[in-house]
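Next comes model.cif, with mmCIF, C-alpha atoms.
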data_final
loop_
_atom_site.group_PDB
_atom_site.id
_atom_site.type_symbol
_atom_site.label_atom_id
_atom_site.label_comp_id
_atom_site.auth_asym_id
_atom_site.auth_seq_id
_atom_site.Cartn_x
_atom_site.Cartn_y
_atom_site.Cartn_z
ATOM 1 C CA MET E 21 -5.212 -16.888 -12.844
ATOM 2 C CA THR E 22 -1.969 -17.319 -10.955
ATOM 3 C CA TYR E 23 -0.913 -15.407 -7.880
ATOM 4 C CA GLU E 24 2.378 -14.085 -6.596
ATOM 5 C CA THR E 25 3.144 -13.948 -2.882
ATOM 6 C CA ILE E 26 4.947 -10.857 -1.635
ATOM 7 C CA LYS E 27 6.507 -9.887 1.662
ATOM 8 C CA VAL E 28 6.249 -6.268 2.775
ATOM 9 C CA GLU E 29 8.426 -4.906 5.567
ATOM 10 C CA ILE E 30 7.016 -1.857 7.311
ATOM 11 C CA ASP E 31 7.679 0.014 10.540
ATOM 12 C CA GLU E 32 5.782 -1.613 13.426
ATOM 13 C CA GLU E 33 4.128 1.618 14.542
ATOM 14 C CA VAL E 34 2.978 2.484 11.022
ATOM 15 C CA TYR E 35 1.603 -1.042 10.658
ATOM 16 C CA ARG E 36 -0.251 -0.823 13.985
ATOM 17 C CA GLN E 37 -1.803 2.539 13.142
ATOM 18 C CA ALA E 38 -2.751 1.476 9.621
ATOM 19 C CA GLU E 39 -4.275 -1.745 10.923
ATOM 20 C CA GLN E 40 -6.502 0.227 13.329
ATOM 21 C CA ILE E 41 -7.644 2.606 10.588
ATOM 22 C CA LEU E 42 -8.304 -0.249 8.181
ATOM 23 C CA ALA E 43 -10.173 -2.285 10.805
ATOM 24 C CA ALA E 44 -12.462 0.666 11.467
ATOM 25 C CA ASN E 45 -13.316 0.474 7.759
ATOM 26 C CA HIS E 46 -13.738 -3.315 7.823
ATOM 27 C CA LEU E 47 -10.591 -3.932 5.766
ATOM 28 C CA THR E 48 -7.577 -6.093 6.369
ATOM 29 C CA MET E 49 -4.044 -5.044 5.531
ATOM 30 C CA GLU E 50 -4.020 -7.618 2.729
ATOM 31 C CA GLN E 51 -7.228 -6.212 1.240
ATOM 32 C CA ALA E 52 -5.891 -2.649 1.383
ATOM 33 C CA ILE E 53 -2.630 -3.605 -0.294
ATOM 34 C CA ARG E 54 -4.497 -5.472 -3.037
ATOM 35 C CA MET E 55 -6.795 -2.477 -3.563
ATOM 36 C CA PHE E 56 -3.811 -0.136 -3.766
ATOM 37 C CA LEU E 57 -2.006 -2.304 -6.314
ATOM 38 C CA GLN E 58 -5.181 -2.627 -8.404
ATOM 39 C CA TRP E 59 -5.535 1.167 -8.351
ATOM 40 C CA VAL E 60 -1.907 1.540 -9.512
ATOM 41 C CA VAL E 61 -2.516 -0.813 -12.444
ATOM 42 C CA GLN E 62 -5.822 0.808 -13.401
ATOM 43 C CA ASN E 63 -4.531 4.389 -13.048
ATOM 44 C CA PRO E 64 -0.854 4.323 -14.061
ATOM 45 C CA ASP E 65 -0.550 8.023 -14.934
ATOM 46 C CA GLU E 66 -2.181 9.217 -11.719
ATOM 47 C CA ALA E 67 -0.273 6.599 -9.734
ATOM 48 C CA LYS E 68 3.042 7.772 -11.184
ATOM 49 C CA LYS E 69 2.326 11.360 -10.130
ATOM 50 C CA GLU E 70 1.223 10.366 -6.634
ATOM 51 C CA LEU E 71 4.112 7.965 -6.081
ATOM 52 C CA GLN E 72 6.598 10.653 -7.117
ATOM 53 C CA ARG E 73 4.934 13.152 -4.789
ATOM 54 C CA TRP E 74 4.869 10.674 -1.898
ATOM 55 C CA SER E 75 8.474 9.638 -2.421
ATOM 56 C CA GLN E 76 9.489 13.265 -1.925
ATOM 57 C CA SER E 77 7.574 13.426 1.374
ATOM 58 C CA PHE E 78 8.092 9.961 2.824
ATOM 59 C CA CYS E 79 10.756 7.308 2.911
ATOM 60 C CA LEU E 80 9.186 4.484 0.943
ATOM 61 C CA CYS E 81 11.233 1.646 2.336
ATOM 62 C CA LEU E 82 9.266 -1.296 1.012
ATOM 63 C CA ARG E 83 10.834 -4.605 0.093
ATOM 64 C CA PHE E 84 8.987 -6.953 -2.214
#
Would it be possible to restate this file's structure as structure tokens?
Amino acid sequence: MTYETIKVEIDEEVYRQAEQILAANHLTMEQAIRMFLQWVVQNPDEAKKELQRWSQSFCLCLRF
């Protein structure tokens, strides 16, 4: 298995808050991002619906 390294740019305050929430659940940011991407791959139809809904509510300014 080969891996790809990505860089994600996110607002500092969002990162700080997410990190606190994830830490309380014994997760790192890296683990949460991996889990999210695995969910997207395993549930493409549901992911498409959610991503469309989220993009209408939030500015998804992610750079990969």
For a quick check of your reading of the model, name the residues lying within 12 Å of the coordinate (-4.1, -7.0, 4.7), counting only C-alpha atoms, and write them as a PDB file with C-alpha atoms, in the frame of the given file.
ATOM      1  CA  ILE E  26       4.947 -10.857  -1.635  1.00  0.00           C
ATOM      2  CA  LYS E  27       6.507  -9.887   1.662  1.00  0.00           C
ATOM      3  CA  VAL E  28       6.249  -6.268   2.775  1.00  0.00           C
ATOM      4  CA  TYR E  35       1.603  -1.042  10.658  1.00  0.00           C
ATOM      5  CA  ARG E  36      -0.251  -0.823  13.985  1.00  0.00           C
ATOM      6  CA  ALA E  38      -2.751   1.476   9.621  1.00  0.00           C
ATOM      7  CA  GLU E  39      -4.275  -1.745  10.923  1.00  0.00           C
ATOM      8  CA  GLN E  40      -6.502   0.227  13.329  1.00  0.00           C
ATOM      9  CA  ILE E  41      -7.644   2.606  10.588  1.00  0.00           C
ATOM     10  CA  LEU E  42      -8.304  -0.249   8.181  1.00  0.00           C
ATOM     11  CA  ALA E  43     -10.173  -2.285  10.805  1.00  0.00           C
ATOM     12  CA  HIS E  46     -13.738  -3.315   7.823  1.00  0.00           C
ATOM     13  CA  LEU E  47     -10.591  -3.932   5.766  1.00  0.00           C
ATOM     14  CA  THR E  48      -7.577  -6.093   6.369  1.00  0.00           C
ATOM     15  CA  MET E  49      -4.044  -5.044   5.531  1.00  0.00           C
ATOM     16  CA  GLU E  50      -4.020  -7.618   2.729  1.00  0.00           C
ATOM     17  CA  GLN E  51      -7.228  -6.212   1.240  1.00  0.00           C
ATOM     18  CA  ALA E  52      -5.891  -2.649   1.383  1.00  0.00           C
ATOM     19  CA  ILE E  53      -2.630  -3.605  -0.294  1.00  0.00           C
ATOM     20  CA  ARG E  54      -4.497  -5.472  -3.037  1.00  0.00           C
ATOM     21  CA  MET E  55      -6.795  -2.477  -3.563  1.00  0.00           C
ATOM     22  CA  PHE E  56      -3.811  -0.136  -3.766  1.00  0.00           C
TER      23      PHE E  56
END
Draw an axis-aligned box tight on the listed atoms of region 40-47 of chain E, then pad every side by 5 Å and write out centre and edge lengths in Å to one decimal as JSON.
{"center_x": -10.1, "center_y": -0.7, "center_z": 9.5, "size_x": 17.2, "size_y": 16.5, "size_z": 17.6}
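CA of Ile30 (chain E) is found 19.1 Å from CA of Gln72 (chain E).
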Just how far from CA of Tyr23 (chain E) is CA of Lys68 (chain E), in Å to one decimal? 23.7 Å
How far is it from CA of Glu29 (chain E) to CA of Glu66 (chain E), in Å with one decimal?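 According to the coordinates, CA of Glu29 (chain E) and CA of Glu66 (chain E) are separated by 24.7 Å.
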